[in-house]
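Asker: Structure file upload38.tsv (TSV, C-alpha atoms) right here:
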```tsv
chain	number	residue	atom	x	y	z
A	16	MET	CA	0.00	0.00	0.00
A	17	ILE	CA	1.03	3.62	-0.54
A	18	PRO	CA	1.19	5.43	2.83
A	19	GLY	CA	-1.59	7.98	3.32
A	20	MET	CA	-3.69	6.74	0.39
A	21	GLU	CA	-6.86	4.69	0.41
A	22	PRO	CA	-6.25	1.26	-1.12
A	23	LEU	CA	-7.32	1.00	-4.74
A	24	PRO	CA	-9.68	-1.75	-5.88
A	25	LEU	CA	-8.50	-4.32	-8.37
A	26	PRO	CA	-8.83	-2.68	-11.81
A	27	LEU	CA	-11.37	-5.15	-13.23
A	28	GLU	CA	-13.70	-5.38	-10.25
A	29	GLY	CA	-17.27	-5.16	-11.53
A	30	ILE	CA	-16.36	-6.59	-14.95
A	31	THR	CA	-18.07	-9.86	-15.90
A	32	VAL	CA	-16.53	-12.19	-18.48
A	33	VAL	CA	-18.25	-15.15	-20.12
A	34	ALA	CA	-15.92	-17.61	-21.82
A	35	VAL	CA	-16.66	-20.59	-24.04
A	36	GLU	CA	-13.09	-21.78	-23.97
A	37	GLN	CA	-10.81	-24.77	-24.02
A	38	ALA	CA	-7.13	-25.77	-23.90
A	39	VAL	CA	-4.73	-22.85	-23.21
A	40	ALA	CA	-5.08	-19.73	-25.39
A	41	ALA	CA	-8.49	-18.48	-24.22
A	42	PRO	CA	-8.31	-19.90	-20.68
A	43	PHE	CA	-4.93	-18.28	-20.03
A	44	ALA	CA	-6.25	-14.94	-21.32
A	45	THR	CA	-9.34	-15.03	-19.10
A	46	ARG	CA	-7.29	-16.12	-16.09
A	47	GLN	CA	-5.39	-12.85	-16.36
A	48	LEU	CA	-8.73	-11.03	-16.23
A	49	ALA	CA	-9.82	-13.05	-13.19
A	50	ASP	CA	-6.57	-12.30	-11.37
A	51	LEU	CA	-7.23	-8.57	-11.89
A	52	GLY	CA	-10.66	-8.79	-10.31
A	53	ALA	CA	-13.05	-9.75	-13.11
A	54	ARG	CA	-15.76	-12.33	-12.57
A	55	VAL	CA	-15.10	-15.06	-15.15
A	56	ILE	CA	-17.83	-17.56	-15.99
A	57	LYS	CA	-16.40	-20.58	-17.79
A	58	VAL	CA	-18.83	-22.50	-19.99
A	59	GLU	CA	-17.79	-26.14	-20.33
A	60	ARG	CA	-18.96	-29.26	-22.10
A	61	LEU	CA	-20.98	-31.80	-20.15
A	62	ASP	CA	-18.77	-34.74	-21.17
A	63	GLY	CA	-15.57	-33.94	-19.31
A	64	GLY	CA	-15.58	-30.18	-19.67
A	65	ASP	CA	-12.61	-28.29	-21.06
A	66	PHE	CA	-10.51	-31.06	-22.59
A	67	ALA	CA	-7.43	-29.65	-20.83
A	68	ARG	CA	-8.91	-31.21	-17.67
A	69	GLY	CA	-7.80	-34.56	-19.07
A	70	TYR	CA	-4.25	-33.75	-20.17
A	71	ASP	CA	-2.62	-35.29	-17.07
A	72	THR	CA	-3.10	-35.80	-13.33
A	73	ALA	CA	0.15	-34.21	-12.16
A	74	ALA	CA	-1.34	-31.50	-9.91
A	75	GLY	CA	-2.56	-33.68	-7.08
A	76	GLY	CA	-4.84	-35.56	-9.45
A	77	LEU	CA	-5.80	-32.53	-11.55
A	78	ALA	CA	-4.31	-31.57	-14.91
A	79	SER	CA	-1.40	-29.15	-14.61
A	80	HIS	CA	-2.51	-27.12	-17.67
A	81	PHE	CA	-6.00	-26.72	-16.23
A	82	VAL	CA	-4.79	-25.67	-12.78
A	83	TRP	CA	-2.44	-23.12	-14.36
A	84	CYS	CA	-5.04	-21.50	-16.63
A	85	ASN	CA	-8.33	-21.68	-14.75
A	86	ARG	CA	-8.09	-20.47	-11.19
A	87	GLY	CA	-10.61	-17.90	-10.03
A	88	LYS	CA	-13.37	-18.92	-12.44
A	89	GLU	CA	-16.93	-20.18	-12.07
A	90	SER	CA	-17.72	-23.34	-14.04
A	91	ILE	CA	-21.08	-24.05	-15.65
A	92	ALA	CA	-21.55	-27.25	-17.67
A	93	LEU	CA	-24.00	-27.01	-20.59
A	94	ASP	CA	-24.91	-28.73	-23.83
A	95	LEU	CA	-24.72	-25.89	-26.35
A	96	LYS	CA	-26.19	-28.09	-29.07
A	97	ASP	CA	-29.48	-27.99	-27.18
A	98	PRO	CA	-31.31	-24.65	-27.68
A	99	ARG	CA	-31.97	-24.46	-23.95
A	100	GLY	CA	-28.26	-24.69	-23.13
A	101	LEU	CA	-27.45	-22.08	-25.75
A	102	ASP	CA	-30.18	-19.84	-24.33
A	103	VAL	CA	-28.46	-19.93	-20.93
A	104	VAL	CA	-25.23	-18.68	-22.50
A	105	ARG	CA	-27.09	-15.90	-24.30
A	106	ARG	CA	-28.68	-14.83	-21.02
A	107	LEU	CA	-25.27	-14.77	-19.36
A	108	VAL	CA	-23.80	-12.74	-22.22
A	109	ALA	CA	-26.64	-10.21	-22.02
A	110	ASP	CA	-25.33	-9.12	-18.61
A	111	ALA	CA	-21.62	-9.48	-19.38
A	112	ASP	CA	-18.95	-6.97	-20.30
A	113	VAL	CA	-16.66	-9.38	-22.14
A	114	PHE	CA	-17.15	-12.60	-24.10
A	115	VAL	CA	-14.22	-14.83	-25.15
A	116	GLN	CA	-14.26	-17.95	-27.32
A	117	ASN	CA	-11.69	-20.17	-29.00
A	118	LEU	CA	-13.90	-22.87	-30.50
A	119	ALA	CA	-12.95	-24.64	-33.72
A	120	HIS	CA	-13.24	-22.60	-36.93
A	121	GLY	CA	-16.88	-21.84	-37.72
A	122	ALA	CA	-18.32	-23.39	-34.54
A	123	ALA	CA	-18.99	-20.10	-32.74
A	124	ALA	CA	-20.64	-18.60	-35.82
A	125	ARG	CA	-22.95	-21.61	-36.14
A	126	LEU	CA	-24.02	-21.04	-32.54
A	127	GLY	CA	-24.38	-17.28	-32.99
A	128	LEU	CA	-21.54	-16.75	-30.50
A	129	ASP	CA	-19.01	-15.13	-32.83
A	130	ALA	CA	-17.83	-11.63	-31.97
A	131	ALA	CA	-19.57	-9.89	-34.87
A	132	THR	CA	-22.97	-11.38	-34.07
A	133	LEU	CA	-22.75	-10.73	-30.34
A	134	CYS	CA	-21.47	-7.16	-30.69
A	135	ALA	CA	-24.29	-6.34	-33.11
A	136	ALA	CA	-26.78	-7.48	-30.46
A	137	HIS	CA	-24.90	-5.94	-27.49
A	138	PRO	CA	-23.05	-2.74	-28.50
A	139	ARG	CA	-21.29	-2.37	-25.13
A	140	LEU	CA	-19.95	-5.92	-25.22
A	141	VAL	CA	-16.27	-6.63	-25.91
A	142	ALA	CA	-16.26	-9.97	-27.76
A	143	VAL	CA	-13.06	-11.86	-28.51
A	144	ASP	CA	-12.54	-14.49	-31.20
A	145	ILE	CA	-9.29	-16.44	-30.74
A	146	SER	CA	-8.35	-18.71	-33.63
A	147	GLY	CA	-5.37	-20.60	-34.94
A	148	TYR	CA	-4.86	-18.82	-38.25
A	149	GLY	CA	-7.54	-16.11	-38.47
A	150	ALA	CA	-11.07	-15.98	-39.88
A	151	SER	CA	-10.05	-15.80	-43.55
A	152	GLY	CA	-7.36	-17.02	-45.90
A	153	PRO	CA	-6.41	-20.53	-47.01
A	154	TYR	CA	-5.46	-21.64	-43.48
A	155	ALA	CA	-8.65	-20.41	-41.77
A	156	GLY	CA	-10.12	-23.87	-41.35
A	157	LYS	CA	-6.84	-25.65	-40.59
A	158	ARG	CA	-6.48	-27.37	-37.22
A	159	ALA	CA	-4.17	-25.32	-35.03
A	160	TYR	CA	-2.39	-26.85	-32.07
A	161	ASP	CA	0.48	-25.09	-30.38
A	162	MET	CA	3.30	-27.21	-31.83
A	163	LEU	CA	1.86	-26.91	-35.32
A	164	VAL	CA	1.67	-23.13	-35.10
A	165	GLN	CA	5.21	-22.98	-33.72
A	166	CYS	CA	6.25	-24.74	-36.93
A	167	GLU	CA	4.17	-22.53	-39.22
A	168	ALA	CA	5.43	-19.36	-37.52
A	169	GLY	CA	9.07	-20.38	-37.93
A	170	LEU	CA	9.85	-20.58	-34.21
A	171	VAL	CA	11.00	-24.18	-34.51
A	172	SER	CA	13.38	-23.22	-37.33
A	173	VAL	CA	15.37	-20.92	-35.04
A	174	THR	CA	15.17	-23.04	-31.87
A	175	GLY	CA	17.49	-25.95	-31.21
A	176	THR	CA	20.93	-26.96	-32.39
A	177	PRO	CA	22.46	-26.73	-35.86
A	178	GLU	CA	21.58	-30.40	-36.33
A	179	LEU	CA	18.12	-30.50	-34.76
A	180	PRO	CA	15.25	-27.98	-34.73
A	181	VAL	CA	13.05	-28.24	-31.63
A	182	LYS	CA	9.81	-26.73	-30.44
A	183	ALA	CA	9.74	-24.47	-27.42
A	184	GLY	CA	9.22	-26.35	-24.17
A	185	ILE	CA	6.20	-24.20	-23.29
A	186	PRO	CA	3.08	-23.58	-25.44
A	187	ALA	CA	4.50	-20.39	-26.92
A	188	ALA	CA	1.82	-19.92	-29.60
A	189	ASP	CA	-0.99	-20.37	-27.08
A	190	ILE	CA	0.61	-17.99	-24.60
A	191	ALA	CA	1.28	-15.36	-27.27
A	192	ALA	CA	-2.34	-15.44	-28.43
A	193	ALA	CA	-3.56	-15.35	-24.83
A	194	MET	CA	-1.57	-12.27	-23.93
A	195	TYR	CA	-2.67	-10.37	-27.05
A	196	ALA	CA	-6.27	-11.32	-26.30
A	197	PHE	CA	-5.80	-10.11	-22.72
A	198	SER	CA	-4.32	-6.78	-23.81
A	199	GLY	CA	-6.93	-6.48	-26.55
A	200	VAL	CA	-9.70	-6.79	-23.98
A	201	LEU	CA	-8.11	-4.12	-21.79
A	202	ALA	CA	-7.73	-1.76	-24.77
A	203	ALA	CA	-11.33	-2.33	-25.85
A	204	LEU	CA	-12.60	-1.67	-22.33
A	205	VAL	CA	-10.67	1.62	-22.25
A	206	ARG	CA	-12.24	2.55	-25.60
A	207	ARG	CA	-15.67	1.63	-24.28
A	208	GLY	CA	-15.08	4.00	-21.39
A	209	THR	CA	-14.76	6.91	-23.83
A	210	THR	CA	-17.19	5.87	-26.59
A	211	GLY	CA	-19.71	3.66	-24.81
A	212	ARG	CA	-19.13	0.91	-27.36
A	213	GLY	CA	-17.25	-2.34	-26.96
A	214	GLY	CA	-16.67	-4.19	-30.21
A	215	PRO	CA	-14.98	-7.28	-31.59
A	216	VAL	CA	-11.40	-8.30	-30.86
A	217	GLU	CA	-9.70	-10.83	-33.14
A	218	VAL	CA	-6.48	-12.67	-32.29
A	219	SER	CA	-4.87	-15.57	-34.10
A	220	MET	CA	-2.11	-17.78	-32.78
A	221	LEU	CA	-0.14	-17.44	-36.02
A	222	ASP	CA	-0.34	-13.63	-36.01
A	223	ALA	CA	0.69	-13.50	-32.36
A	224	LEU	CA	3.68	-15.81	-32.67
A	225	ALA	CA	4.78	-14.28	-35.99
A	226	GLU	CA	4.97	-10.94	-34.16
A	227	TRP	CA	7.18	-12.56	-31.52
A	228	MET	CA	9.42	-13.73	-34.35
A	229	GLY	CA	10.24	-10.10	-35.14
A	230	HIS	CA	13.99	-10.26	-34.65
A	231	PRO	CA	14.71	-13.33	-36.82
A	232	LEU	CA	12.10	-12.18	-39.36
A	233	HIS	CA	13.70	-8.78	-39.80
A	234	HIS	CA	17.15	-10.34	-39.78
A	235	ALA	CA	16.15	-12.66	-42.63
A	236	MET	CA	14.01	-10.20	-44.60
A	237	HIS	CA	16.49	-7.35	-44.52
A	238	GLY	CA	19.79	-9.18	-44.11
A	239	GLY	CA	19.09	-11.98	-46.53
A	240	THR	CA	19.92	-14.88	-44.23
A	241	PRO	CA	17.94	-16.40	-41.34
A	242	PRO	CA	19.70	-16.62	-37.97
A	243	ALA	CA	21.40	-19.95	-37.37
A	244	ARG	CA	20.21	-22.36	-34.69
A	245	THR	CA	22.87	-22.26	-32.00
A	246	GLY	CA	21.39	-24.02	-28.96
A	247	LEU	CA	22.12	-21.87	-25.94
A	248	ALA	CA	24.80	-19.98	-27.80
A	249	HIS	CA	24.17	-16.71	-29.63
A	250	ALA	CA	24.51	-16.51	-33.39
A	251	VAL	CA	26.46	-13.23	-33.40
A	252	ILE	CA	27.93	-12.86	-29.88
A	253	ALA	CA	30.77	-14.78	-28.19
A	254	PRO	CA	31.20	-15.92	-25.54
A	255	TYR	CA	27.49	-16.48	-24.98
A	256	ASP	CA	26.61	-20.01	-23.89
A	257	ALA	CA	26.17	-22.39	-20.97
A	258	TYR	CA	29.35	-23.90	-19.59
A	259	PRO	CA	29.63	-26.91	-17.25
A	260	THR	CA	31.05	-26.41	-13.77
A	261	ALA	CA	33.03	-28.76	-11.56
A	262	ASP	CA	30.01	-29.74	-9.44
A	263	GLY	CA	27.81	-30.84	-12.36
A	264	GLY	CA	26.00	-27.55	-12.80
A	265	HIS	CA	25.93	-25.21	-15.78
A	266	VAL	CA	26.44	-21.45	-15.79
A	267	LEU	CA	25.42	-19.29	-18.73
A	268	LEU	CA	27.29	-16.08	-19.38
A	269	SER	CA	26.91	-13.32	-21.92
A	270	VAL	CA	29.70	-10.93	-22.89
A	271	GLN	CA	27.98	-7.96	-24.56
A	272	ASN	CA	30.98	-5.80	-25.38
A	273	ASP	CA	34.76	-5.81	-25.48
A	274	ARG	CA	35.13	-4.06	-22.11
A	275	GLU	CA	33.33	-6.98	-20.50
A	276	TRP	CA	35.61	-9.40	-22.33
A	277	ARG	CA	38.66	-7.70	-20.87
A	278	ARG	CA	37.20	-7.97	-17.36
A	279	LEU	CA	36.33	-11.62	-17.96
A	280	ALA	CA	39.83	-12.36	-19.21
A	281	GLU	CA	41.47	-10.71	-16.19
A	282	LEU	CA	39.17	-11.65	-13.31
A	283	VAL	CA	37.68	-15.01	-14.33
A	284	LEU	CA	39.93	-16.58	-16.94
A	285	GLU	CA	42.97	-15.13	-15.14
A	286	ARG	CA	44.50	-14.49	-18.56
A	287	PRO	CA	44.59	-10.67	-18.81
A	288	GLU	CA	46.63	-10.81	-22.02
A	289	LEU	CA	43.58	-12.24	-23.83
A	290	GLY	CA	41.84	-8.91	-23.36
A	291	THR	CA	44.09	-7.29	-25.94
A	292	ASP	CA	45.03	-10.33	-28.02
A	293	PRO	CA	43.91	-9.55	-31.62
A	294	ASP	CA	42.45	-13.07	-31.89
A	295	PHE	CA	39.96	-12.32	-29.07
A	296	ALA	CA	39.92	-8.56	-28.39
A	297	THR	CA	36.78	-7.86	-30.46
A	298	ASN	CA	33.46	-9.62	-30.64
A	299	ALA	CA	33.94	-10.23	-34.37
A	300	ALA	CA	37.26	-11.93	-33.66
A	301	ARG	CA	35.75	-14.06	-30.89
A	302	VAL	CA	32.82	-15.13	-33.06
A	303	ALA	CA	35.24	-16.07	-35.85
A	304	ARG	CA	37.13	-18.20	-33.31
A	305	ARG	CA	34.11	-19.36	-31.32
A	306	GLU	CA	35.48	-22.84	-30.57
A	307	ARG	CA	38.72	-21.46	-29.14
A	308	THR	CA	36.84	-18.77	-27.21
A	309	ASP	CA	34.44	-21.32	-25.72
A	310	ALA	CA	37.32	-23.64	-24.86
A	311	LEU	CA	39.04	-20.87	-22.88
A	312	VAL	CA	35.85	-20.03	-20.95
A	313	GLY	CA	34.94	-23.67	-20.49
A	314	LYS	CA	38.34	-24.53	-19.03
A	315	ALA	CA	38.14	-21.70	-16.50
A	316	LEU	CA	34.57	-22.40	-15.34
A	317	GLY	CA	35.08	-26.15	-15.45
A	318	GLY	CA	37.48	-25.86	-12.54
A	319	LEU	CA	34.97	-24.00	-10.37
A	320	GLY	CA	31.75	-24.94	-8.61
A	321	ALA	CA	28.63	-23.18	-9.85
A	322	ASP	CA	28.45	-20.89	-6.80
A	323	GLU	CA	32.06	-19.79	-7.19
A	324	ALA	CA	31.67	-19.34	-10.97
A	325	VAL	CA	28.65	-17.08	-10.52
A	326	LEU	CA	30.41	-15.11	-7.78
A	327	ARG	CA	33.46	-14.47	-9.95
A	328	LEU	CA	31.40	-13.51	-12.98
A	329	GLU	CA	29.30	-11.10	-10.94
A	330	ARG	CA	32.41	-9.52	-9.41
A	331	ALA	CA	33.73	-9.06	-12.95
A	332	GLY	CA	30.47	-7.38	-14.01
A	333	VAL	CA	29.68	-10.11	-16.55
A	334	ALA	CA	26.03	-11.05	-16.99
A	335	CYS	CA	25.42	-14.64	-15.95
A	336	ALA	CA	22.77	-17.10	-14.86
A	337	ARG	CA	22.44	-20.63	-13.62
A	338	LEU	CA	20.90	-23.14	-15.98
A	339	ARG	CA	18.07	-24.29	-13.71
A	340	ASP	CA	15.68	-27.16	-14.15
A	341	VAL	CA	11.98	-26.75	-13.42
A	342	GLN	CA	12.20	-28.01	-9.84
A	343	GLN	CA	14.99	-25.54	-9.16
A	344	VAL	CA	12.76	-22.73	-10.46
A	345	ALA	CA	10.09	-23.81	-7.99
A	346	GLU	CA	12.72	-23.31	-5.27
A	347	HIS	CA	14.25	-20.14	-6.76
A	348	PRO	CA	15.65	-17.92	-4.00
A	349	GLN	CA	14.53	-14.71	-5.71
A	350	LEU	CA	10.92	-15.86	-5.96
A	351	ALA	CA	11.04	-16.94	-2.32
A	352	ALA	CA	12.65	-13.69	-1.13
A	353	ARG	CA	9.98	-11.63	-2.90
A	354	GLU	CA	7.21	-13.86	-1.51
A	355	ARG	CA	5.80	-14.67	-4.96
A	356	TRP	CA	4.19	-17.97	-3.96
A	357	ARG	CA	0.62	-18.38	-2.76
A	358	GLU	CA	-1.84	-21.26	-2.37
A	359	VAL	CA	-5.08	-21.56	-4.30
A	360	GLY	CA	-7.97	-23.83	-3.50
A	361	SER	CA	-9.00	-26.69	-5.75
A	362	PRO	CA	-11.16	-29.83	-5.68
A	363	VAL	CA	-8.11	-31.73	-4.40
A	364	GLY	CA	-7.08	-29.17	-1.78
A	365	PRO	CA	-4.64	-26.25	-1.74
A	366	LEU	CA	-2.14	-26.00	-4.59
A	367	ARG	CA	0.95	-23.80	-4.83
A	368	ALA	CA	0.80	-21.04	-7.47
A	369	LEU	CA	2.78	-17.98	-8.45
A	370	LEU	CA	1.40	-14.49	-8.05
A	371	PRO	CA	0.70	-13.02	-11.50
A	372	PRO	CA	3.53	-10.86	-12.88
A	373	ILE	CA	1.47	-7.65	-12.93
A	374	THR	CA	1.87	-5.93	-9.56
A	375	LEU	CA	-0.25	-2.87	-8.78
A	376	PRO	CA	1.18	-1.10	-5.72
A	377	GLY	CA	-1.41	0.88	-3.81
A	378	GLY	CA	-4.14	-1.71	-4.29
A	379	GLY	CA	-5.15	-5.13	-3.20
A	380	GLU	CA	-3.23	-8.24	-4.15
A	381	ALA	CA	-4.26	-10.14	-7.26
A	382	ARG	CA	-7.36	-12.26	-6.76
A	383	MET	CA	-6.13	-15.83	-7.02
A	384	GLY	CA	-9.37	-17.74	-6.72
A	385	ASP	CA	-10.00	-21.46	-6.56
A	386	VAL	CA	-9.68	-23.88	-9.45
A	387	PRO	CA	-13.30	-24.96	-10.12
A	388	ALA	CA	-14.68	-28.46	-10.39
A	389	LEU	CA	-16.61	-29.14	-13.58
A	390	GLY	CA	-20.07	-27.60	-13.24
A	391	GLU	CA	-19.39	-26.45	-9.69
A	392	HIS	CA	-21.39	-23.23	-10.21
A	393	THR	CA	-24.04	-24.48	-12.62
A	394	GLU	CA	-26.99	-24.21	-10.26
A	395	THR	CA	-25.97	-20.81	-8.91
A	396	LEU	CA	-25.59	-19.41	-12.42
A	397	LEU	CA	-28.84	-20.90	-13.67
A	398	ARG	CA	-30.63	-19.22	-10.80
A	399	ALA	CA	-28.78	-15.98	-11.57
A	400	VAL	CA	-30.28	-15.88	-15.08
A	401	GLY	CA	-33.77	-16.26	-13.64
A	402	MET	CA	-34.47	-19.99	-13.86
A	403	ALA	CA	-36.87	-21.56	-11.42
A	404	ASP	CA	-36.35	-24.88	-9.66
A	405	VAL	CA	-38.56	-26.74	-12.09
A	406	GLU	CA	-36.63	-25.41	-15.10
A	407	ILE	CA	-33.30	-26.31	-13.54
A	408	ALA	CA	-34.55	-29.79	-12.73
A	409	ALA	CA	-35.68	-30.23	-16.35
A	410	LEU	CA	-32.28	-29.19	-17.71
A	411	ARG	CA	-30.54	-31.67	-15.43
A	412	ARG	CA	-33.01	-34.44	-16.23
A	413	ASP	CA	-32.60	-33.94	-19.97
A	414	GLY	CA	-28.81	-33.78	-19.83
A	415	VAL	CA	-28.62	-30.14	-20.89
A	416	ALA	CA	-26.88	-28.96	-17.71
A	417	SER	CA	-24.93	-30.61	-14.95
```
Is it possible to express this structure as structure tokens?
Answerer:
Amino acid sequence: MIPGMEPLPLPLEGITVVAVEQAVAAPFATRQLADLGARVIKVERLDGGDFARGYDTAAGGLASHFVWCNRGKESIALDLKDPRGLDVVRRLVADADVFVQNLAHGAAARLGLDAATLCAAHPRLVAVDISGYGASGPYAGKRAYDMLVQCEAGLVSVTGTPELPVKAGIPAADIAAAMYAFSGVLAALVRRGTTGRGGPVEVSMLDALAEWMGHPLHHAMHGGTPPARTGLAHAVIAPYDAYPTADGGHVLLSVQNDREWRRLAELVLERPELGTDPDFATNAARVARRERTDALVGKALGGLGADEAVLRLERAGVACARLRDVQQVAEHPQLAARERWREVGSPVGPLRALLPPITLPGGGEARMGDVPALGEHTETLLRAVGMADVEIAALRRDGVAS
């Protein structure tokens, strides 16, 4: 809190979001909205719900993807192929500020839940269509999973080793689309505040990830050659790589200029003459002799433990990092020191989760709500749209809601 000031509310308090969503792109976008205070109503299928619920059982019996992307939401399970189930969604949308969907190409339009249709009926609504490749063009109807879009966007071509291209270890295309959808919603809400009108927002996974490919794209388009795959090394900087240490760890360092190289040579390599040696004194010379440069650095760090290597590099003013595995990230001292971990509720009990990266000093902490069970809020939401007990009972009996 800021001393002497009243605490600010979360910025999206009072905003209601309805999402017909699955997998990662839309759910991760709407989770950001929930963390900032929005009420997010997640519409799921009756037969298992969001299919990300079934990806694995790693999070105490729940799917890790689902736990990551769906905290703080209310779950209602409906059959949208039944007019009565679709009517419930339309009633929810009528009172909502934002609608988000990432159904297969054409499915939302067939249901009348595409952004254009909904915004025509509800001018203040912000309606988001998230797709793999966009609503038009030869790829519009193509199936779009994260790995496939990583390939189409060229990310795989610049990731990996010279011998082997690899996909990113996280769903980069999904995350890119999610964050542009999130920022698109915020921009549209700001516009609505000045014009009174919401409007459609369109995001495709390919567009989002192609934007993230800006550096290699511009390098190839304007320089004539695509950047080489170099593993953890850098295509045009040396030394810039991960080097093994005596205790089995790896330390990555990055020398950004020749001054840093001279400090590295003197204080870490303990070979000050290399700082002015014409074979190594400039970055261009070091890149041309990358193997020799890496051998010099590798020999020096290979005789040190990881702690000592990092200490020496930091004393020399050379940027460095440990090469951590995922479990080591979960125990990262910086995250612990800044108290970034919280617990969220779930159907299997409390689960550890990171605070979202957006921090808003002067206000309340992000709202990290529970991970919902499938259909946990169905009855509450059906009552909220005005349904009587007999109507709710009929929907359950007929398999339209659960």
Asker: With all atoms listed in the file as the counted atoms, please give the residues lying no more than 12 Å from Leu370 in chain A, apart from itself and same-chain residues fewer than 4 positions off, as a ChimeraX atom specification.
Answerer: /A:46-47,50-51,83,86,350-351,353-359,374-375,380-384
Asker: Write a file of the just-selected residues containing C-alpha atoms, as a tab-separated table (two decimals), in the frame of the given file.
Answerer:
```
chain	number	residue	atom	x	y	z
A	46	ARG	CA	-7.29	-16.12	-16.09
A	47	GLN	CA	-5.39	-12.85	-16.36
A	50	ASP	CA	-6.57	-12.30	-11.37
A	51	LEU	CA	-7.23	-8.57	-11.89
A	83	TRP	CA	-2.44	-23.12	-14.36
A	86	ARG	CA	-8.09	-20.47	-11.19
A	350	LEU	CA	10.92	-15.86	-5.96
A	351	ALA	CA	11.04	-16.94	-2.32
A	353	ARG	CA	9.98	-11.63	-2.90
A	354	GLU	CA	7.21	-13.86	-1.51
A	355	ARG	CA	5.80	-14.67	-4.96
A	356	TRP	CA	4.19	-17.97	-3.96
A	357	ARG	CA	0.62	-18.38	-2.76
A	358	GLU	CA	-1.84	-21.26	-2.37
A	359	VAL	CA	-5.08	-21.56	-4.30
A	374	THR	CA	1.87	-5.93	-9.56
A	375	LEU	CA	-0.25	-2.87	-8.78
A	380	GLU	CA	-3.23	-8.24	-4.15
A	381	ALA	CA	-4.26	-10.14	-7.26
A	382	ARG	CA	-7.36	-12.26	-6.76
A	383	MET	CA	-6.13	-15.83	-7.02
A	384	GLY	CA	-9.37	-17.74	-6.72
```
Asker: Ranking A:Gly169, A:Asn85, A:Ala310, A:Arg106 by minimum distance to Leu232 in chain A and counting all atoms listed in the file, which one comes first?
Answerer: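 The shortest atom-to-atom distance to Leu232 in chain A comes from A:Gly169.
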Asker: Please, what distance in Å, to one decimal, runs between CA of Met228 in chain A and CA of Val115 in chain A?
Answerer: 25.4 Å
Asker: From the set A:Pro254, A:Glu226, A:Ala324, A:Ala168, which residue has the shortest atom-to-atom contact distance to Gln271 in chain A, counting all atoms listed in the file?
Answerer: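 Closest to Gln271 in chain A, using all atoms listed in the file: A:Pro254.
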Asker: Rounded to one decimal in Å, what is the spacing between CA of Cys166 in chain A and CA of Asp189 in chain A?
Answerer: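 Interatomic distance here is 13.0 Å.
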Asker: One decimal, in Å: what's the spacing between CA of Ala150 in chain A and CA of Ala192 in chain A?
Answerer: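 Taking CA of Ala150 in chain A and CA of Ala192 in chain A, their separation equals 14.4 Å.
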Asker: Box for range 245-255 of chain A: with edges along x, y and z, all listed atoms inside and 3 Å added on each side, what are the centre and edge lengths in Å to one decimal, as JSON?
Answerer:
```
{"center_x": 26.3, "center_y": -18.4, "center_z": -29.2, "size_x": 15.8, "size_y": 17.2, "size_z": 14.4}
```
Asker: Might you pull out every residue within 8 Å of range 52-55 of chain A, with only C-alpha atoms counted and same-chain residues fewer than 2 positions away left off, and present them as a compact mmCIF listing (two decimals) with C-alpha atoms, in the coordinates of the input?
Answerer:
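Output file around-v5.txt is given in full below:
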```txt
# COMPACT_ATOMS: atom_id res chain seq x y z
CA LEU A 25 -8.50 -4.32 -8.37
CA PRO A 26 -8.83 -2.68 -11.81
CA LEU A 27 -11.37 -5.15 -13.23
CA GLU A 28 -13.70 -5.38 -10.25
CA GLY A 29 -17.27 -5.16 -11.53
CA ILE A 30 -16.36 -6.59 -14.95
CA THR A 31 -18.07 -9.86 -15.90
CA VAL A 32 -16.53 -12.19 -18.48
CA VAL A 33 -18.25 -15.15 -20.12
CA ALA A 34 -15.92 -17.61 -21.82
CA THR A 45 -9.34 -15.03 -19.10
CA ARG A 46 -7.29 -16.12 -16.09
CA LEU A 48 -8.73 -11.03 -16.23
CA ALA A 49 -9.82 -13.05 -13.19
CA ASP A 50 -6.57 -12.30 -11.37
CA LYS A 57 -16.40 -20.58 -17.79
CA GLY A 87 -10.61 -17.90 -10.03
CA LYS A 88 -13.37 -18.92 -12.44
CA GLU A 89 -16.93 -20.18 -12.07
CA ALA A 381 -4.26 -10.14 -7.26
CA ARG A 382 -7.36 -12.26 -6.76
```
Asker: Can you list, as an NGL selection string, every protein, DNA or RNA residue that comes within 12 Å of Thr210 in chain A when you count only C-alpha atoms, leaving out same-chain residues fewer than 5 positions away?
Answerer: :A and (138-139 or 203-205)
Asker: Excluding His234 in chain A and its own-chain neighbours fewer than 4 positions away, which residues fall within 12 Å of it when counting only C-alpha atoms? Please give them as an MDAnalysis selection string.
Answerer: chainID A and resid 173 228:230 238:243 250:251
